[in-house]
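Q: Below is one structure. I have some questions about it.
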Amino acid sequence: MSQQQNPFRRYYLPFRGRFDPCPPLGPKVFVVPPNVLTGFQPPDYPQFPPLEALQKGTLWEPFFDYYESPYRK
Amino acid sequence: MAKQLPKEYYVKLEAIQAIDFVIYELVLYLDTHQDDAQAIQQYNYYAAYSNRLKTDFEACYGPLRFGMPVQEQPPWAWAEAPWPWQV
Amino acid sequence: MWSYEKKLMYPVKVSTCNPTLAKYLMEQYGGADGELAAALRYLNQRYTIPDKVIGLLTDIGTEEFAHLEMIATMIYKLTKDATPDQLREAGLAEHYVSHDSALFYNNAAGVPFTASYIQAKGDPIADLYEDIAAEEKARATYQWIIDQSDDPDLNDGLRFLREREIIHAQRFKEAVMLISDDRDQKKVF
Ligand SMILES: [Fe+2]
């Protein structure tokens, strides 16, 4: 999933001063993980099958958030 | 350590890790959802399944669980390598 | 009591011989938001928290020790066959002169672990909020380590650990809701 489509990413643009020495990095990304957007977990949440759950690090589909470095091209 | 582990060791171990992981996730869920009968049922299903997988694994590769019955003949396999970080 | 199970929680793999990554991983071994701090924090707080969330603190605290063992495994694999020269190039000469390749509870900058990384206020809301913050900080730390690492197998294990922080934060949030809910206050006392 590209960073732009990830529902668990937010962006802000830091103020740029006239004397900033480095070329701008552009929008700064931060993570708003699924737990922040969820209240008490409702019953019957969809589950991954066991091997996939292990690989993903959670049994619960809605809580999965794959992380890739935003700087990796 | 002279003995080399067969590929099957890793496959079987990962199957156990997967089932135990589901159990762990269900436990944390149940810790905050103590009245979810369906999750308790699921927990019991995977707990029994994990026990079967581990009993099978231990017969081939030695003990995983502390305090379980072991084979009568020495050596004392619990203290033998490989340890988890070595495999 | 605790008893040991002779397996890792997750199959840890490392594909490249790059001891510099071991130095970064020490942040999660003996650092302020690392797995040792997490385990000790939760297991210590459980003595002064309402009964209905003691189970959760016990189980998450126990899981943190399994994570600590995974981090130790990563560091071990990255350093066990490294020569003193390789360790020096990795920025681990200072570590080497004190510890050889032994693991030690310090952070990526070599600062030793201290109990002041963790809190126990005895106030259930304050403690659970600290726990939620600790999980988010650990999640962020995993992100920054993944940003610095180009080892795909190592990153796979780090992604697992990062995802666990998300689940733990979720459960701690639920714990706050459980103890804040006054529905069954009357029948308890
Ligand atoms: Fe955690």
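Ordering of the structure tokens sets the chain letters (A, B, ...), residue numbers begin anew at 1 in every chain, and ligands are numbered from 1 in the order given.
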Residues of chain A within 12 Å of chain C, using only C-alpha atoms, as a ChimeraX atom specification?
A: /A:8,29-42,51-73
Q: Those selected residues, please, written with N, CA, C and O atoms and delivered as a short mmCIF file (atom, residue, chain, number, x, y, z; two decimals), in the first residue's frame.
A:
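Final file, part.cif:
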data_model
loop_
_atom_site.label_atom_id
_atom_site.label_comp_id
_atom_site.auth_asym_id
_atom_site.auth_seq_id
_atom_site.Cartn_x
_atom_site.Cartn_y
_atom_site.Cartn_z
N PHE A 8 -3.87 5.05 8.01
CA PHE A 8 -3.26 5.29 9.32
C PHE A 8 -2.05 6.22 9.24
O PHE A 8 -1.13 6.16 10.06
N VAL A 29 5.45 12.94 7.61
CA VAL A 29 4.40 11.95 7.85
C VAL A 29 4.44 11.49 9.30
O VAL A 29 5.51 11.45 9.91
N PHE A 30 3.28 11.20 9.86
CA PHE A 30 3.27 10.50 11.15
C PHE A 30 2.15 9.46 11.15
O PHE A 30 1.25 9.49 10.31
N VAL A 31 2.27 8.54 12.10
CA VAL A 31 1.37 7.40 12.15
C VAL A 31 0.26 7.67 13.15
O VAL A 31 0.52 8.11 14.27
N VAL A 32 -0.97 7.43 12.75
CA VAL A 32 -2.09 7.36 13.69
C VAL A 32 -2.58 5.92 13.64
O VAL A 32 -3.34 5.54 12.76
N PRO A 33 -2.06 5.07 14.56
CA PRO A 33 -2.32 3.63 14.46
C PRO A 33 -3.79 3.30 14.70
O PRO A 33 -4.53 4.10 15.30
N PRO A 34 -4.23 2.11 14.22
CA PRO A 34 -5.64 1.74 14.32
C PRO A 34 -6.22 1.83 15.73
O PRO A 34 -7.40 2.16 15.89
N ASN A 35 -5.40 1.57 16.75
CA ASN A 35 -5.93 1.60 18.11
C ASN A 35 -6.40 2.99 18.51
O ASN A 35 -7.31 3.15 19.32
N VAL A 36 -5.78 4.02 17.93
CA VAL A 36 -6.17 5.39 18.28
C VAL A 36 -7.55 5.72 17.72
O VAL A 36 -8.30 6.50 18.30
N LEU A 37 -7.89 5.07 16.60
CA LEU A 37 -9.15 5.37 15.92
C LEU A 37 -10.26 4.41 16.34
O LEU A 37 -11.38 4.49 15.84
N THR A 38 -9.97 3.49 17.26
CA THR A 38 -10.94 2.48 17.68
C THR A 38 -11.30 2.70 19.14
O THR A 38 -10.42 3.03 19.94
N GLY A 39 -12.55 2.49 19.49
CA GLY A 39 -12.93 2.48 20.90
C GLY A 39 -12.76 1.08 21.45
O GLY A 39 -11.78 0.40 21.13
N PHE A 40 -13.69 0.65 22.27
CA PHE A 40 -13.68 -0.70 22.81
C PHE A 40 -13.90 -1.69 21.66
O PHE A 40 -14.82 -1.51 20.87
N GLN A 41 -13.06 -2.69 21.54
CA GLN A 41 -13.19 -3.61 20.40
C GLN A 41 -14.55 -4.30 20.42
O GLN A 41 -14.90 -4.97 21.39
N PRO A 42 -15.34 -4.15 19.32
CA PRO A 42 -16.65 -4.80 19.28
C PRO A 42 -16.52 -6.31 19.08
O PRO A 42 -15.47 -6.78 18.63
N LEU A 51 -1.52 -18.80 10.76
CA LEU A 51 -0.18 -18.48 10.24
C LEU A 51 -0.07 -17.03 9.78
O LEU A 51 0.95 -16.37 9.99
N GLU A 52 -1.15 -16.56 9.16
CA GLU A 52 -1.15 -15.17 8.70
C GLU A 52 -1.17 -14.22 9.90
O GLU A 52 -0.51 -13.17 9.89
N ALA A 53 -1.92 -14.59 10.93
CA ALA A 53 -1.95 -13.77 12.15
C ALA A 53 -0.55 -13.62 12.73
O ALA A 53 -0.11 -12.53 13.08
N LEU A 54 0.18 -14.74 12.80
CA LEU A 54 1.55 -14.71 13.32
C LEU A 54 2.41 -13.78 12.48
O LEU A 54 3.14 -12.93 13.00
N GLN A 55 2.32 -13.93 11.16
CA GLN A 55 3.16 -13.11 10.28
C GLN A 55 2.83 -11.63 10.39
O GLN A 55 3.70 -10.77 10.29
N LYS A 56 1.56 -11.33 10.62
CA LYS A 56 1.15 -9.93 10.67
C LYS A 56 1.31 -9.32 12.06
O LYS A 56 1.33 -8.11 12.22
N GLY A 57 1.37 -10.18 13.08
CA GLY A 57 1.54 -9.66 14.44
C GLY A 57 0.23 -9.36 15.14
O GLY A 57 0.22 -8.81 16.24
N THR A 58 -0.89 -9.70 14.50
CA THR A 58 -2.18 -9.59 15.19
C THR A 58 -3.17 -10.57 14.60
O THR A 58 -3.10 -10.91 13.43
N LEU A 59 -4.09 -11.01 15.47
CA LEU A 59 -5.18 -11.88 15.03
C LEU A 59 -6.28 -11.08 14.34
O LEU A 59 -7.03 -11.60 13.53
N TRP A 60 -6.34 -9.78 14.66
CA TRP A 60 -7.52 -8.98 14.28
C TRP A 60 -7.23 -8.11 13.06
O TRP A 60 -6.40 -7.20 13.11
N GLU A 61 -7.93 -8.39 11.97
CA GLU A 61 -7.69 -7.66 10.71
C GLU A 61 -7.73 -6.15 10.87
O GLU A 61 -6.85 -5.45 10.35
N PRO A 62 -8.74 -5.58 11.54
CA PRO A 62 -8.81 -4.11 11.58
C PRO A 62 -7.67 -3.44 12.34
O PRO A 62 -7.45 -2.25 12.19
N PHE A 63 -6.92 -4.23 13.14
CA PHE A 63 -5.83 -3.63 13.89
C PHE A 63 -4.49 -3.72 13.18
O PHE A 63 -3.46 -3.25 13.68
N PHE A 64 -4.48 -4.33 11.99
CA PHE A 64 -3.20 -4.51 11.30
C PHE A 64 -2.79 -3.24 10.58
O PHE A 64 -3.57 -2.63 9.86
N ASP A 65 -1.54 -2.84 10.80
CA ASP A 65 -0.98 -1.70 10.08
C ASP A 65 0.44 -2.03 9.67
O ASP A 65 1.33 -2.09 10.52
N TYR A 66 0.66 -2.26 8.37
CA TYR A 66 2.00 -2.56 7.87
C TYR A 66 2.83 -1.28 7.85
O TYR A 66 2.37 -0.26 7.35
N TYR A 67 4.04 -1.36 8.38
CA TYR A 67 4.89 -0.18 8.38
C TYR A 67 6.03 -0.32 7.37
O TYR A 67 6.77 -1.30 7.40
N GLU A 68 6.17 0.66 6.51
CA GLU A 68 7.34 0.77 5.64
C GLU A 68 7.91 2.16 5.84
O GLU A 68 7.15 3.13 6.04
N SER A 69 9.23 2.26 5.80
CA SER A 69 9.85 3.56 5.97
C SER A 69 9.40 4.51 4.87
O SER A 69 9.48 4.18 3.69
N PRO A 70 8.93 5.70 5.22
CA PRO A 70 8.51 6.66 4.20
C PRO A 70 9.69 7.18 3.38
O PRO A 70 9.50 7.78 2.33
N TYR A 71 10.92 6.94 3.86
CA TYR A 71 12.11 7.43 3.16
C TYR A 71 12.63 6.39 2.18
O TYR A 71 13.53 6.68 1.41
N ARG A 72 12.10 5.16 2.26
CA ARG A 72 12.59 4.09 1.38
C ARG A 72 11.98 4.26 0.00
O ARG A 72 10.79 4.43 -0.15
N LYS A 73 12.84 4.22 -1.00
CA LYS A 73 12.32 4.43 -2.37
C LYS A 73 12.18 3.10 -3.09
O LYS A 73 12.96 2.22 -2.91
#
Q: Check every residue of chain B for an atom within 12 Å of chain A, counting only C-alpha atoms, and provide those that qualify as JSON, numbers by chain.
A: {"B": [11, 12, 13, 14, 15, 16, 17, 18, 19, 20, 21, 22, 23, 24, 25, 26, 27, 28, 29, 30, 32, 33, 34, 35, 36, 37, 38, 39, 42, 46, 49, 50]}
Q: Could the residues of chain B within 6 Å of chain C, counting only C-alpha atoms, be given as a list in words, please?
A: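 Interface list for chain B against chain C: Asp31, Leu64, Arg65, Phe66, Pro84 and Trp85 of chain B.
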Q: Would you put the residues from that selection into a file with all heavy atoms, as an mmCIF file, in the first residue's frame?
A:
data_model
loop_
_atom_site.group_PDB
_atom_site.id
_atom_site.type_symbol
_atom_site.label_atom_id
_atom_site.label_comp_id
_atom_site.auth_asym_id
_atom_site.auth_seq_id
_atom_site.Cartn_x
_atom_site.Cartn_y
_atom_site.Cartn_z
ATOM 1 N N ASP B 31 -9.066 -10.817 28.365
ATOM 2 C CA ASP B 31 -8.763 -10.049 29.583
ATOM 3 C C ASP B 31 -9.605 -8.774 29.666
ATOM 4 O O ASP B 31 -9.865 -8.271 30.758
ATOM 5 C CB ASP B 31 -7.270 -9.691 29.627
ATOM 6 C CG ASP B 31 -6.402 -10.894 30.031
ATOM 7 O OD1 ASP B 31 -6.947 -11.877 30.558
ATOM 8 O OD2 ASP B 31 -5.170 -10.833 29.818
ATOM 9 N N LEU B 64 9.707 -28.870 24.790
ATOM 10 C CA LEU B 64 9.417 -27.452 24.607
ATOM 11 C C LEU B 64 8.953 -26.864 25.921
ATOM 12 O O LEU B 64 9.292 -25.750 26.287
ATOM 13 C CB LEU B 64 8.251 -27.276 23.613
ATOM 14 C CG LEU B 64 8.478 -27.234 22.126
ATOM 15 C CD1 LEU B 64 7.120 -27.077 21.444
ATOM 16 C CD2 LEU B 64 9.385 -26.079 21.761
ATOM 17 N N ARG B 65 8.079 -27.640 26.613
ATOM 18 C CA ARG B 65 7.394 -27.128 27.798
ATOM 19 C C ARG B 65 8.079 -27.583 29.072
ATOM 20 O O ARG B 65 8.475 -28.736 29.196
ATOM 21 C CB ARG B 65 5.940 -27.620 27.797
ATOM 22 C CG ARG B 65 5.130 -27.067 26.655
ATOM 23 C CD ARG B 65 3.807 -27.799 26.499
ATOM 24 N NE ARG B 65 3.968 -29.153 25.988
ATOM 25 C CZ ARG B 65 2.955 -29.960 25.691
ATOM 26 N NH1 ARG B 65 1.708 -29.565 25.877
ATOM 27 N NH2 ARG B 65 3.188 -31.167 25.225
ATOM 28 N N PHE B 66 8.181 -26.685 30.009
ATOM 29 C CA PHE B 66 8.732 -26.989 31.329
ATOM 30 C C PHE B 66 7.792 -27.927 32.074
ATOM 31 O O PHE B 66 6.573 -27.749 32.035
ATOM 32 C CB PHE B 66 8.898 -25.692 32.119
ATOM 33 C CG PHE B 66 9.507 -25.886 33.476
ATOM 34 C CD1 PHE B 66 10.880 -25.827 33.645
ATOM 35 C CD2 PHE B 66 8.708 -26.135 34.580
ATOM 36 C CE1 PHE B 66 11.452 -26.001 34.898
ATOM 37 C CE2 PHE B 66 9.269 -26.323 35.837
ATOM 38 C CZ PHE B 66 10.649 -26.248 35.994
ATOM 39 N N PRO B 84 16.404 -21.461 22.065
ATOM 40 C CA PRO B 84 15.594 -20.749 21.061
ATOM 41 C C PRO B 84 16.370 -19.727 20.225
ATOM 42 O O PRO B 84 16.111 -19.586 19.034
ATOM 43 C CB PRO B 84 14.512 -20.072 21.899
ATOM 44 C CG PRO B 84 14.356 -20.951 23.089
ATOM 45 C CD PRO B 84 15.729 -21.484 23.375
ATOM 46 N N TRP B 85 17.323 -19.027 20.833
ATOM 47 C CA TRP B 85 18.041 -17.992 20.079
ATOM 48 C C TRP B 85 19.113 -18.588 19.177
ATOM 49 O O TRP B 85 19.702 -17.859 18.390
ATOM 50 C CB TRP B 85 18.667 -16.975 21.041
ATOM 51 C CG TRP B 85 19.540 -17.577 22.089
ATOM 52 C CD1 TRP B 85 20.897 -17.757 21.999
ATOM 53 C CD2 TRP B 85 19.149 -18.081 23.362
ATOM 54 N NE1 TRP B 85 21.366 -18.351 23.142
ATOM 55 C CE2 TRP B 85 20.317 -18.564 24.002
ATOM 56 C CE3 TRP B 85 17.917 -18.194 24.034
ATOM 57 C CZ2 TRP B 85 20.277 -19.143 25.269
ATOM 58 C CZ3 TRP B 85 17.892 -18.765 25.298
ATOM 59 C CH2 TRP B 85 19.061 -19.222 25.894
#
Q: Which residues are near stretch 117-127 of chain C? Cut-off 7 Å, only C-alpha atoms, ignore same chain within fewer than 3 positions. Put them as a ChimeraX atom specification.
A: /C:32,37,41,45,48-49,114,130-131,176
Q: Report the distance between atom CA of C:Thr16 and atom CA of C:Leu87 in Å, rounded to one decimal place.
A: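 Rounded to one decimal, the two atoms are 14.5 Å apart.
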Q: If you run DSSP over the backbone, which residues in stretch 10-141 of chain C end up alpha helix (DSSP H)? Put them as an MDAnalysis selection string.
A: chainID C and resid 19:30 35:45 54:79 84:89 93:99 124:141
Q: Atom CA of B:Tyr9 and atom CA of B:Leu53, how far apart in Å?
A: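 Distance reported for this atom pair: 12.2 Å.
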Q: Mind checking which residues fall within 12 Å of A:Arg16, counting only C-alpha atoms, ignoring those fewer than 6 positions away in the same chain, and posting them as a list in words?
A: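 Residues meeting the cut-off are Cys22, Pro23, Pro24, Leu25, Gly26 and Pro27 of chain A.
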Q: What would the file look like if the residues just selected were written as an mmCIF file, in the first residue's frame with all heavy atoms?
A:
data_model
loop_
_atom_site.group_PDB
_atom_site.id
_atom_site.type_symbol
_atom_site.label_atom_id
_atom_site.label_comp_id
_atom_site.auth_asym_id
_atom_site.auth_seq_id
_atom_site.Cartn_x
_atom_site.Cartn_y
_atom_site.Cartn_z
ATOM 1 N N CYS A 22 18.950 23.279 4.695
ATOM 2 C CA CYS A 22 18.830 22.070 3.865
ATOM 3 C C CYS A 22 17.627 22.177 2.939
ATOM 4 O O CYS A 22 16.648 22.856 3.250
ATOM 5 C CB CYS A 22 18.664 20.838 4.756
ATOM 6 S SG CYS A 22 20.028 20.602 5.896
ATOM 7 N N PRO A 23 17.682 21.476 1.816
ATOM 8 C CA PRO A 23 16.506 21.431 0.951
ATOM 9 C C PRO A 23 15.334 20.797 1.701
ATOM 10 O O PRO A 23 15.547 19.892 2.519
ATOM 11 C CB PRO A 23 16.936 20.559 -0.235
ATOM 12 C CG PRO A 23 18.197 19.894 0.172
ATOM 13 C CD PRO A 23 18.807 20.690 1.281
ATOM 14 N N PRO A 24 14.129 21.262 1.474
ATOM 15 C CA PRO A 24 12.999 20.761 2.276
ATOM 16 C C PRO A 24 12.721 19.284 2.018
ATOM 17 O O PRO A 24 12.855 18.812 0.900
ATOM 18 C CB PRO A 24 11.823 21.620 1.812
ATOM 19 C CG PRO A 24 12.216 22.141 0.475
ATOM 20 C CD PRO A 24 13.709 22.253 0.472
ATOM 21 N N LEU A 25 12.351 18.595 3.085
ATOM 22 C CA LEU A 25 12.001 17.173 2.978
ATOM 23 C C LEU A 25 10.588 17.005 2.417
ATOM 24 O O LEU A 25 10.197 15.926 2.009
ATOM 25 C CB LEU A 25 12.050 16.510 4.352
ATOM 26 C CG LEU A 25 13.299 15.716 4.735
ATOM 27 C CD1 LEU A 25 13.101 15.112 6.116
ATOM 28 C CD2 LEU A 25 13.576 14.618 3.714
ATOM 29 N N GLY A 26 9.822 18.062 2.444
ATOM 30 C CA GLY A 26 8.436 17.956 2.023
ATOM 31 C C GLY A 26 7.559 17.639 3.215
ATOM 32 O O GLY A 26 7.968 17.847 4.362
ATOM 33 N N PRO A 27 6.341 17.159 2.959
ATOM 34 C CA PRO A 27 5.424 16.898 4.066
ATOM 35 C C PRO A 27 6.001 15.868 5.032
ATOM 36 O O PRO A 27 6.633 14.911 4.618
ATOM 37 C CB PRO A 27 4.176 16.336 3.372
ATOM 38 C CG PRO A 27 4.326 16.677 1.935
ATOM 39 C CD PRO A 27 5.779 16.796 1.658
#
Q: Can you check which residues of chain A DSSP gives as strand (DSSP E) on the backbone and send them as a list in words?
A: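 Reading the DSSP output for chain A, strand (DSSP E) covers Arg9, Arg10, Tyr11, Tyr12, Lys28, Val29, Phe30 and Val31 of chain A.
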Q: How would the residues just chosen look if you wrote them out with all heavy atoms as a PDB file, in the first residue's frame?
A:
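Final output, saved to selection04.pdb:
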ATOM      1  N   ARG A   9      -2.036   7.083   8.217  1.00  0.00           N
ATOM      2  CA  ARG A   9      -0.949   8.066   8.088  1.00  0.00           C
ATOM      3  C   ARG A   9      -1.538   9.471   7.998  1.00  0.00           C
ATOM      4  O   ARG A   9      -2.608   9.678   7.408  1.00  0.00           O
ATOM      5  CB  ARG A   9      -0.107   7.812   6.828  1.00  0.00           C
ATOM      6  CG  ARG A   9       0.570   6.458   6.783  1.00  0.00           C
ATOM      7  CD  ARG A   9       1.653   6.301   7.851  1.00  0.00           C
ATOM      8  NE  ARG A   9       2.241   4.964   7.793  1.00  0.00           N
ATOM      9  CZ  ARG A   9       1.765   3.900   8.461  1.00  0.00           C
ATOM     10  NH1 ARG A   9       0.717   4.029   9.263  1.00  0.00           N
ATOM     11  NH2 ARG A   9       2.340   2.722   8.332  1.00  0.00           N
ATOM     12  N   ARG A  10      -0.861  10.435   8.602  1.00  0.00           N
ATOM     13  CA  ARG A  10      -1.260  11.838   8.531  1.00  0.00           C
ATOM     14  C   ARG A  10      -0.029  12.642   8.156  1.00  0.00           C
ATOM     15  O   ARG A  10       1.110  12.204   8.364  1.00  0.00           O
ATOM     16  CB  ARG A  10      -1.791  12.320   9.887  1.00  0.00           C
ATOM     17  CG  ARG A  10      -3.001  11.542  10.399  1.00  0.00           C
ATOM     18  CD  ARG A  10      -4.273  11.823   9.613  1.00  0.00           C
ATOM     19  NE  ARG A  10      -5.406  11.091  10.150  1.00  0.00           N
ATOM     20  CZ  ARG A  10      -5.719   9.836   9.824  1.00  0.00           C
ATOM     21  NH1 ARG A  10      -4.977   9.169   8.954  1.00  0.00           N
ATOM     22  NH2 ARG A  10      -6.768   9.238  10.362  1.00  0.00           N
ATOM     23  N   TYR A  11      -0.267  13.851   7.666  1.00  0.00           N
ATOM     24  CA  TYR A  11       0.837  14.680   7.174  1.00  0.00           C
ATOM     25  C   TYR A  11       0.725  16.098   7.712  1.00  0.00           C
ATOM     26  O   TYR A  11      -0.368  16.586   7.966  1.00  0.00           O
ATOM     27  CB  TYR A  11       0.815  14.738   5.642  1.00  0.00           C
ATOM     28  CG  TYR A  11       0.933  13.377   5.015  1.00  0.00           C
ATOM     29  CD1 TYR A  11      -0.208  12.593   4.813  1.00  0.00           C
ATOM     30  CD2 TYR A  11       2.177  12.862   4.656  1.00  0.00           C
ATOM     31  CE1 TYR A  11      -0.101  11.324   4.277  1.00  0.00           C
ATOM     32  CE2 TYR A  11       2.287  11.602   4.113  1.00  0.00           C
ATOM     33  CZ  TYR A  11       1.147  10.826   3.926  1.00  0.00           C
ATOM     34  OH  TYR A  11       1.259   9.573   3.409  1.00  0.00           O
ATOM     35  N   TYR A  12       1.875  16.729   7.857  1.00  0.00           N
ATOM     36  CA  TYR A  12       1.871  18.172   8.100  1.00  0.00           C
ATOM     37  C   TYR A  12       3.083  18.765   7.387  1.00  0.00           C
ATOM     38  O   TYR A  12       4.073  18.076   7.131  1.00  0.00           O
ATOM     39  CB  TYR A  12       1.874  18.488   9.594  1.00  0.00           C
ATOM     40  CG  TYR A  12       3.134  18.109  10.338  1.00  0.00           C
ATOM     41  CD1 TYR A  12       4.157  19.029  10.544  1.00  0.00           C
ATOM     42  CD2 TYR A  12       3.302  16.817  10.841  1.00  0.00           C
ATOM     43  CE1 TYR A  12       5.310  18.685  11.225  1.00  0.00           C
ATOM     44  CE2 TYR A  12       4.443  16.467  11.526  1.00  0.00           C
ATOM     45  CZ  TYR A  12       5.451  17.391  11.718  1.00  0.00           C
ATOM     46  OH  TYR A  12       6.591  17.046  12.394  1.00  0.00           O
ATOM     47  N   LYS A  28       5.826  16.109   6.305  1.00  0.00           N
ATOM     48  CA  LYS A  28       6.298  15.196   7.346  1.00  0.00           C
ATOM     49  C   LYS A  28       5.143  14.246   7.664  1.00  0.00           C
ATOM     50  O   LYS A  28       4.016  14.673   7.923  1.00  0.00           O
ATOM     51  CB  LYS A  28       6.664  16.024   8.569  1.00  0.00           C
ATOM     52  CG  LYS A  28       7.324  15.275   9.669  1.00  0.00           C
ATOM     53  CD  LYS A  28       8.828  15.197   9.526  1.00  0.00           C
ATOM     54  CE  LYS A  28       9.401  14.390  10.683  1.00  0.00           C
ATOM     55  NZ  LYS A  28      10.700  13.811  10.387  1.00  0.00           N
ATOM     56  N   VAL A  29       5.447  12.937   7.610  1.00  0.00           N
ATOM     57  CA  VAL A  29       4.397  11.955   7.846  1.00  0.00           C
ATOM     58  C   VAL A  29       4.441  11.493   9.295  1.00  0.00           C
ATOM     59  O   VAL A  29       5.509  11.454   9.906  1.00  0.00           O
ATOM     60  CB  VAL A  29       4.548  10.752   6.880  1.00  0.00           C
ATOM     61  CG1 VAL A  29       5.856  10.030   7.107  1.00  0.00           C
ATOM     62  CG2 VAL A  29       3.369   9.795   6.988  1.00  0.00           C
ATOM     63  N   PHE A  30       3.282  11.203   9.863  1.00  0.00           N
ATOM     64  CA  PHE A  30       3.267  10.496  11.150  1.00  0.00           C
ATOM     65  C   PHE A  30       2.150   9.458  11.153  1.00  0.00           C
ATOM     66  O   PHE A  30       1.250   9.490  10.312  1.00  0.00           O
ATOM     67  CB  PHE A  30       3.180  11.458  12.336  1.00  0.00           C
ATOM     68  CG  PHE A  30       1.927  12.302  12.407  1.00  0.00           C
ATOM     69  CD1 PHE A  30       0.883  11.950  13.270  1.00  0.00           C
ATOM     70  CD2 PHE A  30       1.795  13.441  11.635  1.00  0.00           C
ATOM     71  CE1 PHE A  30      -0.265  12.731  13.356  1.00  0.00           C
ATOM     72  CE2 PHE A  30       0.650  14.226  11.709  1.00  0.00           C
ATOM     73  CZ  PHE A  30      -0.388  13.870  12.567  1.00  0.00           C
ATOM     74  N   VAL A  31       2.274   8.540  12.095  1.00  0.00           N
ATOM     75  CA  VAL A  31       1.368   7.399  12.147  1.00  0.00           C
ATOM     76  C   VAL A  31       0.257   7.666  13.154  1.00  0.00           C
ATOM     77  O   VAL A  31       0.520   8.108  14.268  1.00  0.00           O
ATOM     78  CB  VAL A  31       2.136   6.120  12.547  1.00  0.00           C
ATOM     79  CG1 VAL A  31       1.191   4.949  12.765  1.00  0.00           C
ATOM     80  CG2 VAL A  31       3.184   5.770  11.491  1.00  0.00           C
TER      81      VAL A  31
END
Q: Quick one: pull the distance between atom CA of C:Leu40 and atom CA of C:Leu21, Å, one decimal.
A: 24.7 Å
